[in-house]
Amino acid sequence: MSNQNKRGNITIILKRKLLTAIFSSLLFALIFSTFGGFEGGAFLNLYYLNLMLVITYGVITSIFSDWLSGKLVNSRYTREIVSFLFHCFFGCILLVLSLISAILFFIVDRLLSKVKIGWLSVIIALLFVVSAFIILINR
């Protein structure tokens with residue numbers, strides 16, 4: 001594989017993983033905010049805390065999990081199972097909450113893998129997240 005193809009694949013993966021982090025963190029916060037009665041402040045705190053952890057730790061370990069499962073297994077079906085297990089393993093850092101976050105990340109990532117994602121989508125999503133944070137922190 002040429003260097004240009006490798007860079008293209010890395011770019012595709014990075015765009016998908018960043019968008020996955022945004023969406024899976026949103027799902028995570030929605031799920032856990034509803035248990036004790038939905039409060040806007042608790043939702044936002046949970047969302048941004050989870051997003052920061054997922055963007056830093058989760059994206060890197062997800063890329064590593066997918067890469068490692070591809071090196072270990074040839075069958076696509078088995079590779080997905082192995083990658084899921086690696087996601088769960090790396091997601092056990094903070095026990096149940098991070099495990100659920102890792103599972104949500106894996107599911108959203110696999111759903112987004114079927115969609116072509118451009119940088120514009122990622123930038124708009126990131127701008128929306130940052131803008132919402134700035135607006136809500138200044139309230």
# chains A, B, ... in the order shown; residues from 1 in each chain; ligands from 1
call {"tool": "residues_around", "arguments": {"residues": "segment 11-16 of chain A", "least_positions_apart": "3", "cutoff": "12 Å", "atoms": "only C-alpha atoms", "output": "mmCIF file with N, CA, C and O atoms, in the first residue's frame"}}
result
data_model
loop_
_atom_site.group_PDB
_atom_site.id
_atom_site.type_symbol
_atom_site.label_atom_id
_atom_site.label_comp_id
_atom_site.auth_asym_id
_atom_site.auth_seq_id
_atom_site.Cartn_x
_atom_site.Cartn_y
_atom_site.Cartn_z
ATOM 1 N N GLN A 4 0.325 7.389 0.210
ATOM 2 C CA GLN A 4 -0.861 8.217 0.008
ATOM 3 C C GLN A 4 -2.126 7.439 0.400
ATOM 4 O O GLN A 4 -3.028 7.996 1.023
ATOM 5 N N ASN A 5 -2.189 6.149 0.077
ATOM 6 C CA ASN A 5 -3.336 5.331 0.474
ATOM 7 C C ASN A 5 -3.401 5.181 1.986
ATOM 8 O O ASN A 5 -4.476 5.195 2.571
ATOM 9 N N LYS A 6 -2.235 5.011 2.624
ATOM 10 C CA LYS A 6 -2.204 4.893 4.084
ATOM 11 C C LYS A 6 -2.700 6.174 4.739
ATOM 12 O O LYS A 6 -3.479 6.135 5.680
ATOM 13 N N ARG A 7 -2.240 7.332 4.225
ATOM 14 C CA ARG A 7 -2.685 8.610 4.768
ATOM 15 C C ARG A 7 -4.184 8.805 4.556
ATOM 16 O O ARG A 7 -4.883 9.321 5.424
ATOM 17 N N GLY A 8 -4.676 8.364 3.406
ATOM 18 C CA GLY A 8 -6.108 8.460 3.129
ATOM 19 C C GLY A 8 -6.921 7.609 4.086
ATOM 20 O O GLY A 8 -7.958 8.040 4.585
ATOM 21 N N LEU A 19 -16.103 11.916 15.056
ATOM 22 C CA LEU A 19 -17.555 12.029 15.020
ATOM 23 C C LEU A 19 -18.203 10.989 15.938
ATOM 24 O O LEU A 19 -19.189 11.288 16.616
ATOM 25 N N THR A 20 -17.618 9.819 15.992
ATOM 26 C CA THR A 20 -18.109 8.782 16.900
ATOM 27 C C THR A 20 -18.001 9.237 18.347
ATOM 28 O O THR A 20 -18.915 9.012 19.151
ATOM 29 N N ALA A 21 -16.902 9.880 18.700
ATOM 30 C CA ALA A 21 -16.722 10.375 20.068
ATOM 31 C C ALA A 21 -17.813 11.373 20.433
ATOM 32 O O ALA A 21 -18.378 11.320 21.529
ATOM 33 N N ILE A 22 -18.142 12.264 19.512
ATOM 34 C CA ILE A 22 -19.165 13.278 19.770
ATOM 35 C C ILE A 22 -20.533 12.623 19.966
ATOM 36 O O ILE A 22 -21.240 12.903 20.932
ATOM 37 N N PHE A 23 -20.900 11.722 19.056
ATOM 38 C CA PHE A 23 -22.224 11.094 19.125
ATOM 39 C C PHE A 23 -22.345 10.093 20.276
ATOM 40 O O PHE A 23 -23.368 10.046 20.952
ATOM 41 N N SER A 24 -21.312 9.297 20.491
ATOM 42 C CA SER A 24 -21.411 8.296 21.566
ATOM 43 C C SER A 24 -21.419 8.973 22.944
ATOM 44 O O SER A 24 -22.102 8.497 23.851
ATOM 45 N N ILE A 55 -12.440 11.541 23.586
ATOM 46 C CA ILE A 55 -11.615 12.123 22.512
ATOM 47 C C ILE A 55 -10.132 11.866 22.767
ATOM 48 O O ILE A 55 -9.377 11.628 21.833
ATOM 49 N N GLY A 58 -10.256 7.371 24.400
ATOM 50 C CA GLY A 58 -11.093 6.448 23.641
ATOM 51 C C GLY A 58 -10.740 6.343 22.170
ATOM 52 O O GLY A 58 -10.722 5.247 21.607
ATOM 53 N N VAL A 59 -10.488 7.470 21.536
ATOM 54 C CA VAL A 59 -10.162 7.453 20.105
ATOM 55 C C VAL A 59 -8.856 6.694 19.869
ATOM 56 O O VAL A 59 -8.767 5.856 18.966
ATOM 57 N N ILE A 60 -7.864 6.956 20.698
ATOM 58 C CA ILE A 60 -6.562 6.286 20.534
ATOM 59 C C ILE A 60 -6.689 4.786 20.753
ATOM 60 O O ILE A 60 -6.193 3.985 19.959
ATOM 61 N N SER A 62 -9.378 2.977 20.538
ATOM 62 C CA SER A 62 -10.230 2.388 19.512
ATOM 63 C C SER A 62 -9.448 2.130 18.228
ATOM 64 O O SER A 62 -9.585 1.074 17.608
ATOM 65 N N ILE A 63 -8.643 3.099 17.832
ATOM 66 C CA ILE A 63 -7.801 2.911 16.646
ATOM 67 C C ILE A 63 -6.848 1.740 16.876
ATOM 68 O O ILE A 63 -6.674 0.877 16.010
ATOM 69 N N PHE A 64 -6.256 1.676 18.061
ATOM 70 C CA PHE A 64 -5.351 0.575 18.393
ATOM 71 C C PHE A 64 -6.085 -0.763 18.406
ATOM 72 O O PHE A 64 -5.583 -1.763 17.885
ATOM 73 N N ASP A 66 -8.811 -1.636 16.757
ATOM 74 C CA ASP A 66 -9.124 -2.033 15.379
ATOM 75 C C ASP A 66 -7.880 -2.507 14.645
ATOM 76 O O ASP A 66 -7.914 -3.500 13.907
ATOM 77 N N TRP A 67 -6.780 -1.809 14.845
ATOM 78 C CA TRP A 67 -5.528 -2.190 14.186
ATOM 79 C C TRP A 67 -5.050 -3.556 14.676
ATOM 80 O O TRP A 67 -4.693 -4.424 13.877
ATOM 81 N N PHE A 105 -19.407 3.563 22.106
ATOM 82 C CA PHE A 105 -18.449 4.038 21.106
ATOM 83 C C PHE A 105 -18.313 3.011 19.987
ATOM 84 O O PHE A 105 -18.348 3.361 18.808
ATOM 85 N N PHE A 106 -18.155 1.740 20.358
ATOM 86 C CA PHE A 106 -17.994 0.669 19.365
ATOM 87 C C PHE A 106 -19.214 0.596 18.446
ATOM 88 O O PHE A 106 -19.079 0.518 17.226
ATOM 89 N N VAL A 108 -21.603 2.925 17.788
ATOM 90 C CA VAL A 108 -21.725 4.113 16.941
ATOM 91 C C VAL A 108 -20.658 4.106 15.856
ATOM 92 O O VAL A 108 -20.926 4.444 14.696
ATOM 93 N N ASP A 109 -19.446 3.691 16.195
ATOM 94 C CA ASP A 109 -18.357 3.628 15.222
ATOM 95 C C ASP A 109 -18.691 2.678 14.088
ATOM 96 O O ASP A 109 -18.455 2.986 12.919
ATOM 97 N N ARG A 110 -19.246 1.537 14.419
ATOM 98 C CA ARG A 110 -19.594 0.569 13.374
ATOM 99 C C ARG A 110 -20.737 1.071 12.509
ATOM 100 O O ARG A 110 -20.769 0.840 11.306
ATOM 101 N N LEU A 111 -21.678 1.792 13.103
ATOM 102 C CA LEU A 111 -22.767 2.379 12.309
ATOM 103 C C LEU A 111 -22.233 3.468 11.378
ATOM 104 O O LEU A 111 -22.633 3.554 10.213
ATOM 105 N N LEU A 112 -21.324 4.291 11.884
ATOM 106 C CA LEU A 112 -20.757 5.367 11.062
ATOM 107 C C LEU A 112 -19.793 4.842 9.999
ATOM 108 O O LEU A 112 -19.509 5.545 9.033
ATOM 109 N N SER A 113 -19.295 3.621 10.173
ATOM 110 C CA SER A 113 -18.367 3.076 9.169
ATOM 111 C C SER A 113 -19.072 2.836 7.839
ATOM 112 O O SER A 113 -18.429 2.705 6.809
ATOM 113 N N LYS A 114 -20.387 2.811 7.850
ATOM 114 C CA LYS A 114 -21.168 2.589 6.632
ATOM 115 C C LYS A 114 -21.504 3.897 5.914
ATOM 116 O O LYS A 114 -22.109 3.892 4.863
ATOM 117 N N VAL A 115 -21.087 5.030 6.514
ATOM 118 C CA VAL A 115 -21.398 6.352 5.974
ATOM 119 C C VAL A 115 -20.109 7.052 5.581
ATOM 120 O O VAL A 115 -19.112 6.975 6.293
ATOM 121 N N LYS A 116 -20.138 7.736 4.448
ATOM 122 C CA LYS A 116 -18.973 8.525 4.044
ATOM 123 C C LYS A 116 -19.002 9.842 4.822
ATOM 124 O O LYS A 116 -19.988 10.574 4.793
ATOM 125 N N ILE A 117 -17.912 10.122 5.521
ATOM 126 C CA ILE A 117 -17.836 11.301 6.393
ATOM 127 C C ILE A 117 -16.769 12.247 5.860
ATOM 128 O O ILE A 117 -15.638 11.841 5.628
ATOM 129 N N GLY A 118 -17.147 13.500 5.702
ATOM 130 C CA GLY A 118 -16.198 14.514 5.259
ATOM 131 C C GLY A 118 -15.733 15.359 6.437
ATOM 132 O O GLY A 118 -16.346 15.353 7.509
ATOM 133 N N TRP A 119 -14.650 16.082 6.210
ATOM 134 C CA TRP A 119 -14.129 16.945 7.276
ATOM 135 C C TRP A 119 -15.135 18.013 7.672
ATOM 136 O O TRP A 119 -15.181 18.441 8.821
ATOM 137 N N LEU A 120 -15.948 18.455 6.712
ATOM 138 C CA LEU A 120 -16.930 19.489 7.014
ATOM 139 C C LEU A 120 -17.906 19.015 8.100
ATOM 140 O O LEU A 120 -18.237 19.775 9.022
ATOM 141 N N SER A 121 -18.337 17.772 8.024
ATOM 142 C CA SER A 121 -19.236 17.212 9.051
ATOM 143 C C SER A 121 -18.572 17.208 10.421
ATOM 144 O O SER A 121 -19.203 17.552 11.431
ATOM 145 N N VAL A 122 -17.317 16.817 10.464
ATOM 146 C CA VAL A 122 -16.588 16.760 11.727
ATOM 147 C C VAL A 122 -16.391 18.161 12.291
ATOM 148 O O VAL A 122 -16.609 18.406 13.485
ATOM 149 N N ILE A 123 -16.016 19.099 11.447
ATOM 150 C CA ILE A 123 -15.785 20.478 11.883
ATOM 151 C C ILE A 123 -17.078 21.107 12.391
ATOM 152 O O ILE A 123 -17.088 21.762 13.437
ATOM 153 N N ILE A 124 -18.184 20.887 11.677
ATOM 154 C CA ILE A 124 -19.472 21.435 12.122
ATOM 155 C C ILE A 124 -19.858 20.843 13.469
ATOM 156 O O ILE A 124 -20.306 21.562 14.372
ATOM 157 N N ALA A 125 -19.686 19.543 13.630
ATOM 158 C CA ALA A 125 -20.020 18.894 14.908
ATOM 159 C C ALA A 125 -19.146 19.446 16.033
ATOM 160 O O ALA A 125 -19.649 19.750 17.124
ATOM 161 N N LEU A 126 -17.851 19.592 15.779
ATOM 162 C CA LEU A 126 -16.954 20.145 16.807
ATOM 163 C C LEU A 126 -17.289 21.599 17.126
ATOM 164 O O LEU A 126 -17.264 22.007 18.288
#
call {"tool": "atom_distance", "arguments": {"atom1": "atom CA of Lys71 of chain A", "atom2": "atom CA of Ser25 of chain A"}}
result
28.2 Å
call {"tool": "atom_distance", "arguments": {"atom1": "atom CA of Leu68 of chain A", "atom2": "atom CA of Leu49 of chain A"}}
result
27.4 Å
call {"tool": "closest_residue", "arguments": {"among": "A:Asn138, A:Lys17, A:Leu72, A:Phe86", "to": "Val54 of chain A", "atoms": "only C-alpha atoms"}}
result
A:Lys17
call {"tool": "atom_distance", "arguments": {"atom1": "atom CA of Gly70 of chain A", "atom2": "atom CA of Phe84 of chain A"}}
result
11.9 Å
call {"tool": "closest_residue", "arguments": {"among": "A:Thr61, A:Asn50, A:Asn74, A:Asn9", "to": "Ile100 of chain A", "atoms": "only C-alpha atoms"}}
result
A:Asn50
call {"tool": "closest_residue", "arguments": {"among": "A:Leu95, A:Phe28, A:Ile10, A:Ser65", "to": "Val82 of chain A", "atoms": "only C-alpha atoms"}}
result
A:Ser65
call {"tool": "closest_residue", "arguments": {"among": "A:Thr78, A:Val73, A:Val130, A:Leu104", "to": "Leu26 of chain A", "atoms": "only C-alpha atoms"}}
result
A:Leu104
call {"tool": "residues_around", "arguments": {"residues": "Ser98 of chain A", "least_positions_apart": "6", "cutoff": "9 Å", "atoms": "only C-alpha atoms", "output": "VMD selection string"}}
result
chain A and resid 50 88 90 to 92
call {"tool": "write_last_selection", "arguments": {"atoms": "N, CA and C atoms", "output": "JSON list (two decimals), in the first residue's frame"}}
result
[["chain", "number", "residue", "atom", "x", "y", "z"],
["A", 50, "ASN", "N", -17.38, 13.09, 29.65],
["A", 50, "ASN", "CA", -17.22, 11.88, 28.84],
["A", 50, "ASN", "C", -16.56, 12.19, 27.50],
["A", 88, "CYS", "N", -13.88, -3.37, 24.95],
["A", 88, "CYS", "CA", -14.36, -3.62, 26.32],
["A", 88, "CYS", "C", -13.20, -3.66, 27.31],
["A", 90, "PHE", "N", -10.21, -2.15, 27.11],
["A", 90, "PHE", "CA", -9.71, -0.80, 27.34],
["A", 90, "PHE", "C", -10.77, 0.08, 28.01],
["A", 91, "GLY", "N", -12.04, -0.28, 27.85],
["A", 91, "GLY", "CA", -13.11, 0.48, 28.47],
["A", 91, "GLY", "C", -13.32, 0.19, 29.94],
["A", 92, "CYS", "N", -12.66, -0.82, 30.45],
["A", 92, "CYS", "CA", -12.83, -1.19, 31.87],
["A", 92, "CYS", "C", -12.02, -0.31, 32.82]]
